[in-house]
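Visitor: Sharing coords_5.txt, compact mmCIF, C-alpha atoms and all ligand atoms:
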# COMPACT_ATOMS: atom_id res chain seq x y z
CA MET G 1 23.52 -4.27 -0.33
CA LYS G 2 22.01 -1.05 -1.73
CA PHE G 3 18.28 -0.90 -2.40
CA ASN G 4 18.66 -0.88 -6.19
CA THR G 5 20.57 -4.16 -5.98
CA LYS G 6 18.28 -5.63 -3.36
CA THR G 7 15.23 -5.46 -5.63
CA ILE G 8 17.02 -7.90 -7.94
CA HIS G 9 19.12 -10.03 -5.57
CA GLY G 10 17.65 -9.53 -2.07
CA GLY G 11 16.91 -12.90 -0.46
CA GLN G 12 17.35 -14.56 -3.85
CA GLU G 13 19.36 -17.66 -4.71
CA HIS G 14 19.58 -19.54 -7.98
CA GLU G 15 17.41 -22.63 -8.00
CA GLU G 16 19.32 -25.60 -6.63
CA ALA G 17 18.47 -28.41 -9.03
CA THR G 18 19.13 -26.61 -12.34
CA GLY G 19 20.68 -23.24 -11.52
CA ALA G 20 17.62 -21.49 -13.00
CA VAL G 21 18.11 -17.76 -12.45
CA MET G 22 14.40 -17.19 -11.93
CA PRO G 23 12.67 -19.66 -9.60
CA PRO G 24 10.45 -22.07 -11.54
CA ILE G 25 6.70 -21.85 -11.08
CA PHE G 26 6.22 -24.80 -8.73
CA GLN G 27 2.63 -25.47 -9.76
CA THR G 28 2.12 -28.22 -7.22
CA SER G 29 -0.06 -28.71 -4.17
CA THR G 30 1.95 -31.48 -2.55
CA TYR G 31 5.45 -33.03 -2.28
CA ALA G 32 6.65 -36.65 -2.18
CA GLN G 33 7.80 -37.93 1.21
CA SER G 34 10.38 -40.69 1.60
CA SER G 35 8.88 -41.84 4.89
CA PRO G 36 5.85 -40.42 6.77
CA GLY G 37 6.74 -36.86 7.82
CA VAL G 38 10.13 -36.97 6.07
CA ASN G 39 10.27 -34.38 3.28
CA LYS G 40 12.61 -31.86 1.68
CA GLY G 41 11.19 -28.89 3.58
CA TYR G 42 7.90 -28.77 1.72
CA ALA G 43 4.84 -30.87 2.61
CA TYR G 44 1.75 -29.03 1.34
CA SER G 45 1.57 -25.74 -0.57
CA ARG G 46 -0.75 -23.95 1.86
CA ALA G 47 2.12 -24.15 4.39
CA ALA G 48 4.88 -23.35 1.90
CA ASN G 49 5.62 -23.45 -1.83
CA PRO G 50 9.11 -22.81 -3.25
CA THR G 51 7.99 -20.08 -5.68
CA ARG G 52 6.15 -18.31 -2.86
CA THR G 53 9.15 -18.80 -0.54
CA ALA G 54 11.41 -17.09 -3.10
CA LEU G 55 9.00 -14.14 -3.26
CA GLU G 56 8.57 -13.98 0.52
CA LYS G 57 12.36 -13.78 0.96
CA ALA G 58 12.48 -10.94 -1.57
CA PHE G 59 9.62 -9.17 0.24
CA ALA G 60 11.49 -9.41 3.57
CA ALA G 61 14.70 -8.07 2.01
CA LEU G 62 12.97 -5.07 0.39
CA GLU G 63 11.64 -3.80 3.74
CA ASN G 64 14.77 -4.72 5.75
CA GLY G 65 12.73 -7.37 7.55
CA THR G 66 13.61 -10.93 8.48
CA HIS G 67 10.34 -12.56 7.37
CA GLY G 68 7.90 -11.88 4.53
CA PHE G 69 4.48 -13.36 3.77
CA ALA G 70 2.55 -13.36 0.50
CA PHE G 71 -1.26 -13.43 0.55
CA SER G 72 -4.01 -13.74 -2.03
CA SER G 73 -4.83 -10.01 -1.70
CA GLY G 74 -3.85 -6.93 0.25
CA LEU G 75 -7.00 -7.24 2.32
CA ALA G 76 -6.19 -10.89 3.12
CA SER G 77 -2.88 -9.68 4.56
CA ILE G 78 -4.67 -7.06 6.72
CA ASP G 79 -7.14 -9.75 7.79
CA CYS G 80 -4.15 -11.84 8.96
CA VAL G 81 -2.86 -8.99 11.14
CA LEU G 82 -6.29 -8.44 12.73
CA ARG G 83 -6.61 -12.15 13.50
CA THR G 84 -3.78 -11.77 16.02
CA LEU G 85 -6.34 -9.82 18.16
CA LYS G 86 -9.24 -11.05 20.25
CA PRO G 87 -12.72 -9.68 21.12
CA GLY G 88 -12.46 -6.53 23.25
CA ASP G 89 -9.10 -5.50 21.80
CA GLU G 90 -8.93 -2.02 20.33
CA VAL G 91 -7.35 -0.72 17.13
CA ILE G 92 -6.51 2.92 16.45
CA ALA G 93 -6.44 3.67 12.72
CA GLY G 94 -6.07 6.75 10.54
CA ASP G 95 -9.28 8.55 9.55
CA ASP G 96 -8.37 8.60 5.84
CA ILE G 97 -7.38 4.96 5.24
CA TYR G 98 -8.08 2.85 2.16
CA GLY G 99 -11.84 2.27 1.80
CA GLY G 100 -11.49 -1.51 1.76
CA SER G 101 -9.50 -1.47 5.01
CA TYR G 102 -12.24 0.65 6.60
CA ARG G 103 -14.88 -1.81 5.34
CA LEU G 104 -12.94 -4.83 6.67
CA PHE G 105 -12.56 -3.15 10.08
CA THR G 106 -16.12 -1.86 10.51
CA ARG G 107 -18.21 -4.44 8.66
CA LEU G 108 -16.40 -7.67 9.58
CA PHE G 109 -14.12 -7.30 12.60
CA GLN G 110 -16.27 -4.86 14.59
CA LYS G 111 -19.08 -7.41 14.67
CA ASN G 112 -16.61 -9.98 16.00
CA GLY G 113 -15.86 -7.76 18.97
CA LEU G 114 -12.84 -5.70 17.94
CA LYS G 115 -13.12 -1.98 18.63
CA PHE G 116 -11.90 0.72 16.26
CA GLN G 117 -11.13 4.39 16.66
CA PHE G 118 -10.33 6.52 13.63
CA VAL G 119 -8.15 9.55 14.31
CA ASP G 120 -6.39 12.24 12.30
CA MET G 121 -2.77 11.05 12.27
CA ASP G 122 -1.40 14.45 11.21
CA ASP G 123 -0.75 14.86 14.91
CA ALA G 124 0.90 12.08 16.97
CA SER G 125 -0.88 13.22 20.13
CA ASN G 126 -4.25 12.31 18.56
CA VAL G 127 -2.98 8.72 18.58
CA THR G 128 -1.52 8.68 22.09
CA ASN G 129 -4.62 10.41 23.50
CA ALA G 130 -6.79 7.64 22.05
CA ILE G 131 -4.80 4.83 23.69
CA SER G 132 -6.70 2.85 26.31
CA GLU G 133 -6.06 -0.29 28.38
CA SER G 134 -7.43 -2.36 25.49
CA THR G 135 -5.41 -0.81 22.67
CA LYS G 136 -3.43 -3.52 20.89
CA LEU G 137 -2.72 -2.20 17.39
CA ILE G 138 -2.05 1.12 15.64
CA TRP G 139 -2.87 1.08 11.91
CA ILE G 140 -1.03 3.80 9.97
CA GLU G 141 -1.36 4.58 6.29
CA THR G 142 0.95 7.22 4.81
CA PRO G 143 0.64 8.81 2.32
CA THR G 144 -3.11 8.27 2.51
CA ASN G 145 -5.54 7.49 -0.22
CA PRO G 146 -6.75 9.74 -1.85
CA LEU G 147 -5.88 12.93 0.10
CA MET G 148 -2.15 12.20 0.40
CA LYS G 149 -2.05 13.04 4.10
CA ILE G 150 1.25 12.27 5.81
CA ALA G 151 1.66 10.66 9.23
CA ASP G 152 5.02 10.93 10.99
CA ILE G 153 5.80 7.21 11.33
CA GLU G 154 8.79 7.59 13.65
CA GLU G 155 7.16 10.14 15.95
CA ILE G 156 3.91 8.18 16.30
CA THR G 157 5.75 4.90 16.87
CA LYS G 158 8.02 6.41 19.51
CA ALA G 159 5.10 8.07 21.32
CA VAL G 160 3.04 4.86 21.28
CA LYS G 161 5.90 2.62 22.44
CA ASN G 162 6.76 5.14 25.17
CA LYS G 163 3.26 4.86 26.52
CA ARG G 164 2.87 1.08 26.12
CA ALA G 165 5.68 -0.96 24.55
CA ASP G 166 3.39 -3.94 23.89
CA ILE G 167 1.14 -2.13 21.39
CA LEU G 168 1.88 -3.26 17.83
CA VAL G 169 2.36 -0.59 15.18
CA ALA G 170 1.62 -1.48 11.55
CA VAL G 171 2.08 0.62 8.42
CA ASP G 172 0.26 0.15 5.12
CA ASN G 173 3.21 1.04 2.87
CA THR G 174 1.38 0.48 -0.43
CA PHE G 175 1.59 4.07 -1.72
CA ALA G 176 5.21 4.78 -0.81
CA THR G 177 6.81 1.36 -1.38
CA PRO G 178 10.15 0.54 0.28
CA TYR G 179 11.87 2.50 -2.51
CA LEU G 180 10.64 5.64 -0.77
CA GLN G 181 10.04 4.68 2.86
CA ARG G 182 11.04 1.76 5.12
CA PRO G 183 8.83 1.71 8.24
CA LEU G 184 10.59 -1.26 9.95
CA ASP G 185 13.73 0.92 10.11
CA LEU G 186 11.62 3.57 11.90
CA GLY G 187 10.60 1.21 14.71
CA VAL G 188 7.36 -0.20 13.30
CA ASP G 189 6.47 -3.88 13.91
CA ILE G 190 4.59 -4.82 10.74
CA VAL G 191 4.67 -3.48 7.18
CA MET G 192 1.76 -4.32 4.92
CA HIS G 193 1.42 -3.95 1.15
CA SER G 194 -1.21 -4.38 -1.45
CA ALA G 195 1.34 -5.97 -3.81
CA THR G 196 -1.39 -5.59 -6.43
CA LYS G 197 -0.09 -2.05 -6.77
CA TYR G 198 3.56 -0.92 -7.06
CA LEU G 199 5.32 -4.11 -5.90
CA GLY G 200 3.69 -6.17 -8.65
CA GLY G 201 3.67 -3.06 -10.78
CA HIS G 202 1.98 -4.35 -13.94
CA SER G 203 -1.74 -4.55 -13.06
CA ASP G 204 -1.68 -8.29 -13.72
CA LEU G 205 -2.28 -9.76 -10.26
CA VAL G 206 -3.98 -9.25 -6.89
CA MET G 207 -1.72 -9.92 -3.88
CA GLY G 208 -0.90 -8.83 -0.35
CA ALA G 209 2.31 -8.82 1.66
CA LEU G 210 3.41 -8.59 5.28
CA MET G 211 6.98 -7.99 6.42
CA VAL G 212 8.27 -8.18 10.00
CA LYS G 213 11.60 -8.30 11.84
CA ASP G 214 10.59 -10.22 14.97
CA ALA G 215 10.76 -14.03 14.93
CA GLN G 216 7.91 -14.56 17.39
CA LEU G 217 5.56 -12.24 15.53
CA ALA G 218 6.59 -13.94 12.27
CA GLU G 219 5.67 -17.31 13.74
CA GLU G 220 2.26 -16.04 14.79
CA LEU G 221 1.55 -14.54 11.35
CA HIS G 222 2.76 -17.66 9.58
CA PHE G 223 0.48 -19.80 11.72
CA ILE G 224 -2.52 -17.62 10.76
CA GLN G 225 -1.52 -17.62 7.08
CA PHE G 226 -1.29 -21.42 7.20
CA ALA G 227 -4.40 -21.97 9.31
CA ALA G 228 -6.70 -19.50 7.51
CA GLY G 229 -5.20 -20.25 4.10
CA ALA G 230 -5.33 -16.96 2.15
CA ILE G 231 -2.00 -17.65 0.43
CA ALA G 232 -0.60 -16.31 -2.86
CA GLY G 233 -0.44 -18.95 -5.59
CA PRO G 234 2.78 -19.98 -7.39
CA MET G 235 1.96 -18.28 -10.72
CA ASP G 236 1.13 -14.97 -9.04
CA SER G 237 4.22 -15.32 -6.84
CA PHE G 238 6.36 -15.67 -9.97
CA LEU G 239 4.78 -12.58 -11.54
CA ALA G 240 5.22 -10.52 -8.37
CA LEU G 241 8.87 -11.57 -8.08
CA ARG G 242 9.44 -10.51 -11.69
CA GLY G 243 7.69 -7.24 -10.85
CA VAL G 244 9.78 -6.33 -7.80
CA LYS G 245 13.01 -6.71 -9.79
CA THR G 246 12.23 -3.44 -11.60
CA LEU G 247 10.64 -1.64 -8.63
CA HIS G 248 13.48 0.89 -8.35
CA LEU G 249 13.44 1.69 -12.08
CA ARG G 250 9.69 2.11 -12.20
CA MET G 251 9.55 4.15 -8.99
CA GLN G 252 12.21 6.54 -10.22
CA ARG G 253 10.06 7.34 -13.28
CA HIS G 254 6.80 7.36 -11.26
CA CYS G 255 8.36 10.00 -8.99
CA GLU G 256 9.62 12.16 -11.88
CA ASN G 257 6.29 12.00 -13.69
CA GLY G 258 4.26 12.47 -10.49
CA LYS G 259 6.15 15.64 -9.65
CA ALA G 260 5.79 17.03 -13.19
CA VAL G 261 2.04 16.32 -13.19
CA ALA G 262 1.57 17.91 -9.75
CA GLU G 263 3.44 21.05 -10.83
CA TYR G 264 1.43 21.25 -14.06
CA LEU G 265 -1.87 20.95 -12.16
CA VAL G 266 -0.93 23.58 -9.56
CA ASN G 267 -0.56 26.13 -12.34
CA HIS G 268 -3.71 25.17 -14.25
CA PRO G 269 -6.60 27.71 -14.17
CA LYS G 270 -9.28 24.98 -14.02
CA VAL G 271 -7.68 23.14 -11.12
CA GLY G 272 -8.26 23.89 -7.43
CA GLU G 273 -6.39 22.18 -4.60
CA VAL G 274 -3.61 19.74 -5.57
CA PHE G 275 -2.59 16.99 -3.14
CA TYR G 276 1.01 15.80 -3.57
CA PRO G 277 3.50 15.42 -0.70
CA GLY G 278 6.34 16.72 -2.88
CA LEU G 279 4.80 20.18 -3.18
CA GLU G 280 6.26 22.67 -0.70
CA SER G 281 2.72 23.91 -0.16
CA HIS G 282 1.69 20.48 1.22
CA PRO G 283 1.00 20.97 4.96
CA SER G 284 3.23 18.01 5.87
CA TYR G 285 5.94 18.59 3.26
CA GLU G 286 8.69 18.66 5.91
CA ILE G 287 7.64 15.31 7.42
CA ALA G 288 7.35 13.78 3.95
CA LYS G 289 10.84 15.04 3.11
CA LYS G 290 12.19 13.57 6.35
CA GLN G 291 10.75 10.06 6.04
CA MET G 292 10.51 9.57 2.26
CA ASP G 293 13.37 9.51 -0.27
CA ASP G 294 11.11 10.99 -2.97
CA PHE G 295 7.37 11.57 -3.33
CA GLY G 296 5.90 8.90 -5.58
CA GLY G 297 3.44 8.85 -8.45
CA MET G 298 0.07 9.41 -6.75
CA VAL G 299 -1.50 12.84 -7.25
CA SER G 300 -5.02 13.98 -6.34
CA PHE G 301 -6.72 17.27 -7.18
CA ARG G 302 -10.04 19.10 -7.16
CA LEU G 303 -11.53 20.79 -10.19
CA LYS G 304 -12.49 24.43 -9.56
CA ASP G 305 -15.90 23.62 -11.02
CA GLU G 306 -17.21 21.63 -8.06
CA SER G 307 -20.12 19.96 -9.87
CA LYS G 308 -20.11 16.21 -10.23
CA GLN G 309 -20.76 16.71 -13.97
CA ALA G 310 -17.46 18.57 -14.44
CA ALA G 311 -15.60 15.68 -12.82
CA LEU G 312 -17.45 13.12 -14.95
CA THR G 313 -16.66 15.07 -18.14
CA PHE G 314 -12.96 15.05 -17.26
CA LEU G 315 -13.02 11.36 -16.31
CA GLU G 316 -14.78 10.32 -19.52
CA ASN G 317 -12.34 12.16 -21.74
CA THR G 318 -8.81 11.20 -20.75
CA LYS G 319 -7.23 8.94 -23.36
CA ILE G 320 -3.90 7.74 -21.97
CA PHE G 321 -5.05 7.91 -18.34
CA THR G 322 -7.43 4.94 -18.18
CA LEU G 323 -10.50 5.33 -15.97
CA ALA G 324 -10.10 2.35 -13.64
CA GLU G 325 -9.82 1.25 -10.03
CA SER G 326 -6.35 0.44 -8.66
CA LEU G 327 -2.98 2.16 -8.95
CA GLY G 328 0.74 1.56 -9.08
CA GLY G 329 0.98 -0.12 -12.48
CA VAL G 330 3.20 1.05 -15.32
CA GLU G 331 0.17 2.59 -17.06
CA SER G 332 -1.44 5.83 -15.91
CA LEU G 333 -4.87 5.49 -14.33
CA VAL G 334 -7.48 8.01 -13.24
CA SER G 335 -10.24 7.43 -10.71
CA HIS G 336 -13.13 9.14 -8.94
CA PRO G 337 -12.93 8.29 -5.23
CA VAL G 338 -16.56 9.27 -4.47
CA THR G 339 -18.07 6.77 -6.90
CA MET G 340 -15.24 4.22 -7.01
CA THR G 341 -12.73 3.46 -4.22
CA HIS G 342 -14.63 5.28 -1.46
CA ALA G 343 -18.22 4.44 -2.36
CA SER G 344 -18.40 2.19 0.72
CA ILE G 345 -17.75 5.11 3.12
CA PRO G 346 -20.95 6.89 4.32
CA GLU G 347 -21.44 10.30 2.64
CA ALA G 348 -21.25 12.30 5.89
CA GLU G 349 -17.98 10.54 6.79
CA ARG G 350 -16.60 11.21 3.30
CA LEU G 351 -17.42 14.92 3.28
CA LYS G 352 -16.00 15.32 6.78
CA ILE G 353 -12.59 14.18 5.56
CA GLY G 354 -12.79 16.11 2.26
CA ILE G 355 -13.66 13.48 -0.33
CA THR G 356 -15.92 15.62 -2.51
CA ASP G 357 -17.52 15.16 -5.96
CA SER G 358 -14.79 17.23 -7.63
CA LEU G 359 -11.91 15.16 -6.25
CA ILE G 360 -9.93 13.20 -8.85
CA ARG G 361 -7.09 10.78 -8.19
CA LEU G 362 -4.28 10.05 -10.64
CA SER G 363 -1.91 7.11 -10.57
CA VAL G 364 0.79 8.59 -12.77
CA GLY G 365 2.46 5.84 -14.80
CA VAL G 366 5.85 5.58 -16.47
CA GLU G 367 4.86 6.77 -19.96
CA ASP G 368 6.49 9.79 -21.62
CA ILE G 369 5.60 12.84 -19.54
CA ASP G 370 4.84 14.96 -22.65
CA ASP G 371 2.05 12.59 -23.68
CA LEU G 372 0.63 12.55 -20.16
CA LEU G 373 0.48 16.35 -19.93
CA VAL G 374 -1.10 16.66 -23.40
CA ASP G 375 -3.75 14.15 -22.32
CA LEU G 376 -4.56 16.03 -19.10
CA GLU G 377 -4.70 19.34 -20.97
CA GLN G 378 -7.21 18.13 -23.58
CA ALA G 379 -9.41 16.51 -20.91
CA LEU G 380 -9.34 19.63 -18.69
CA ASN G 381 -10.41 21.76 -21.68
CA ARG G 382 -13.55 19.73 -22.45
C1 LIG G 401 -5.48 -1.59 -2.84
C2 LIG G 401 -5.13 -1.25 -1.45
C3 LIG G 401 -5.39 -2.14 -0.40
C4 LIG G 401 -6.11 -3.46 -0.61
O1 LIG G 401 -5.35 -4.34 -1.39
P1 LIG G 401 -6.00 -5.44 -2.37
O2 LIG G 401 -4.80 -6.05 -3.00
O3 LIG G 401 -6.90 -4.71 -3.32
O4 LIG G 401 -6.77 -6.39 -1.51
C5 LIG G 401 -4.99 -1.76 0.87
N1 LIG G 401 -4.38 -0.58 1.11
C6 LIG G 401 -4.12 0.30 0.11
C7 LIG G 401 -3.45 1.58 0.43
C8 LIG G 401 -4.49 0.00 -1.19
O5 LIG G 401 -4.25 0.89 -2.17
Show this structure as structure tokens.
Ligand SMILES: *Cc1c(COP(=O)(O)O)cnc(C)c1O

Guide:
Amino acid sequence: MKFNTKTIHGGQEHEEATGAVMPPIFQTSTYAQSSPGVNKGYAYSRAANPTRTALEKAFAALENGTHGFAFSSGLASIDCVLRTLKPGDEVIAGDDIYGGSYRLFTRLFQKNGLKFQFVDMDDASNVTNAISESTKLIWIETPTNPLMKIADIEEITKAVKNKRADILVAVDNTFATPYLQRPLDLGVDIVMHSATKYLGGHSDLVMGALMVKDAQLAEELHFIQFAAGAIAGPMDSFLALRGVKTLHLRMQRHCENGKAVAEYLVNHPKVGEVFYPGLESHPSYEIAKKQMDDFGGMVSFRLKDESKQAALTFLENTKIFTLAESLGGVESLVSHPVTMTHASIPEAERLKIGITDSLIRLSVGVEDIDDLLVDLEQALNR
């Protein structure tokens, strides 16, 4: 089945009792048993719920996995992965990962004895050089947020597995989505998503996802999901399933609009550096072209005027681009990493990786491109 069919039919069956084409919202916590322990496959909704099961099958299909898991948030899904580790184990992560992932790693798991190293994943040897006896997990994000850095998933995974086959490799695939990039096909063990973003696609829910292709790993993750309990509810599962059915249509437009916005910004006299993996000037353009089918709808840029005031003036004056946290919905959003998504990263750390006052991040939506460019133009000219 091709991807554009899979978004609609992957892992999906019509509901058995009525033939309902969309799975009903099974808003129930528990299920009648005919005799103690005898049930129809469902006993309690923390373990499994039919609406969530339908979504989890769709999640697995999208990433060419065998098992999918839906969580109450993206961070809850990352938390589940980290719970497979024990005190003393070491994680190697990218140095430009999502601020909330960094916070979860350093503020919660570090104090419980996990060790973290943050390396520049532009170069696979930075990862292999950091591997020690205790390394158990590699955490890759590509493209990164907000600087759109690209890690070579296949090269890093091969190098890591060559050195130690038992190290797990996980990819946060939130920015690219499986429409653009399928890490399990490149040898990765775990794919993670903030389904809050493109998979849901409508800014109407908060959800996380994990996808894997190994039965034993799936069993371990399911046990943690069940035992710790950060599951997605049936209503949100229904909404996310509805969302993924148009993923390919939305992504196609996100990519077209993202490219047009990036090209417009590159040529604008008030704009400095533009970060978009689809620009030939992007330092990792060739890797992006190799591992992604297109380049997505996330674009970051710096204003030439490097004052914080210039950035604030721009941010306060866009009309169609809404100033808000988050990304990946049908509507265009604009954000200021320094004061919003990356406020939890210490200033020295931030500056070291290039997150400056003049940096602005756009989540380019699926509106008419003419209206988006007019909006950017009027805000840049304030
Ligand atoms: C939003 C986001 C997360 C966290 O997901 P939540 O659903 O907000 O918990 C993780 N990684 C990336 C890349 C994100 O954009």

Visitor: Which residues of chain G sit at most 10 Å from ligand LIG 401 (chain G), using all atoms listed in the file? Give each one's shortest atom pair and distance in Å (one decimal place), in chain and ascending residue order, as CSV.

Guide:
residue,atom,partner,partner_atom,distance
G:Phe71,CA,G:LIG401,O2,8.9
G:Ser72,CA,G:LIG401,O2,7.8
G:Ser73,CA,G:LIG401,O4,4.1
G:Gly74,CA,G:LIG401,O1,3.4
G:Leu75,CA,G:LIG401,O4,3.9
G:Ala76,CA,G:LIG401,O4,6.5
G:Ser77,CA,G:LIG401,O4,7.9
G:Ile78,CA,G:LIG401,C5,7.9
G:Asp79,CA,G:LIG401,O4,9.9
G:Ile97,CA,G:LIG401,C7,7.1
G:Tyr98,CA,G:LIG401,C7,5.1
G:Gly99,CA,G:LIG401,C5,8.0
G:Gly100,CA,G:LIG401,C4,6.2
G:Ser101,CA,G:LIG401,C5,6.1
G:Tyr102,CA,G:LIG401,C5,9.6
G:Glu141,CA,G:LIG401,C7,6.9
G:Thr142,CA,G:LIG401,C7,8.4
G:Pro143,CA,G:LIG401,C7,8.5
G:Thr144,CA,G:LIG401,C7,7.0
G:Asn145,CA,G:LIG401,C7,6.3
G:Pro146,CA,G:LIG401,C7,9.1
G:Val171,CA,G:LIG401,C7,9.8
G:Asp172,CA,G:LIG401,C7,6.1
G:Asn173,CA,G:LIG401,C7,7.1
G:Thr174,CA,G:LIG401,C7,5.0
G:Phe175,CA,G:LIG401,C7,6.0
G:Ala176,CA,G:LIG401,C7,9.3
G:Met192,CA,G:LIG401,N1,8.1
G:His193,CA,G:LIG401,N1,6.7
G:Ser194,CA,G:LIG401,O1,4.1
G:Ala195,CA,G:LIG401,O2,6.2
G:Thr196,CA,G:LIG401,O2,4.9
G:Lys197,CA,G:LIG401,C1,6.7
G:Tyr198,CA,G:LIG401,O5,9.4
G:Leu205,CA,G:LIG401,O2,8.5
G:Val206,CA,G:LIG401,O2,5.1
G:Met207,CA,G:LIG401,O2,5.0
G:Gly208,CA,G:LIG401,O2,5.5
G:Ala209,CA,G:LIG401,O2,8.9
G:Glu325,CA,G:LIG401,C1,8.9
G:Ser326,CA,G:LIG401,C1,6.2
G:Leu327,CA,G:LIG401,O5,7.0
G:Gly328,CA,G:LIG401,O5,8.5
G:Thr341,CA,G:LIG401,C1,8.9

Visitor: With all atoms listed in the file as the basis for distance, which of G:Asp375, G:Arg350, G:Val338, G:Gly272 is at the shortest distance from G:Thr322?

Guide: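 Among G:Asp375, G:Arg350, G:Val338, G:Gly272, it is G:Asp375 that comes nearest to G:Thr322.
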
Visitor: Got a sec: who's within 7 Å of G:Glu63, counting all atoms listed in the file, leaving out chain neighbours fewer than 4 positions off, as a VMD selection string?

Guide: chain G and resid 59 178 182 184 211

Visitor: Put those residues in a file: C-alpha atoms, as a PDB file, keeping the file's coordinate frame.

Guide:
ATOM      1  CA  PHE G  59       9.620  -9.170   0.240  1.00  0.00           C
ATOM      2  CA  PRO G 178      10.150   0.540   0.280  1.00  0.00           C
ATOM      3  CA  ARG G 182      11.040   1.760   5.120  1.00  0.00           C
ATOM      4  CA  LEU G 184      10.590  -1.260   9.950  1.00  0.00           C
ATOM      5  CA  MET G 211       6.980  -7.990   6.420  1.00  0.00           C
TER       6      MET G 211
END

Visitor: One decimal, in Å: what's the spacing between atom CA of G:Lys270 and atom CA of G:Glu286?

Guide: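 Taking atom CA of G:Lys270 and atom CA of G:Glu286, their separation equals 27.6 Å.
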
Visitor: Which polymer residues have any atom within 8 Å of an atom of G:Ile369, counting all atoms listed in the file, with same-chain residues fewer than 4 positions away left out, as a ChimeraX atom specification?

Guide: /G:257,260,373

Visitor: When you count all atoms listed in the file, which of these residues is closest to G:Ala324: G:Arg361, G:Asn129, G:Ala288, G:Gly68?

Guide: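 Using all atoms listed in the file, G:Ala324 sits closest to G:Arg361.
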
Visitor: Calculate how many Å separate atom CA of G:Lys161 from atom CA of G:Phe226, rounding to one decimal.

Guide: 29.4 Å
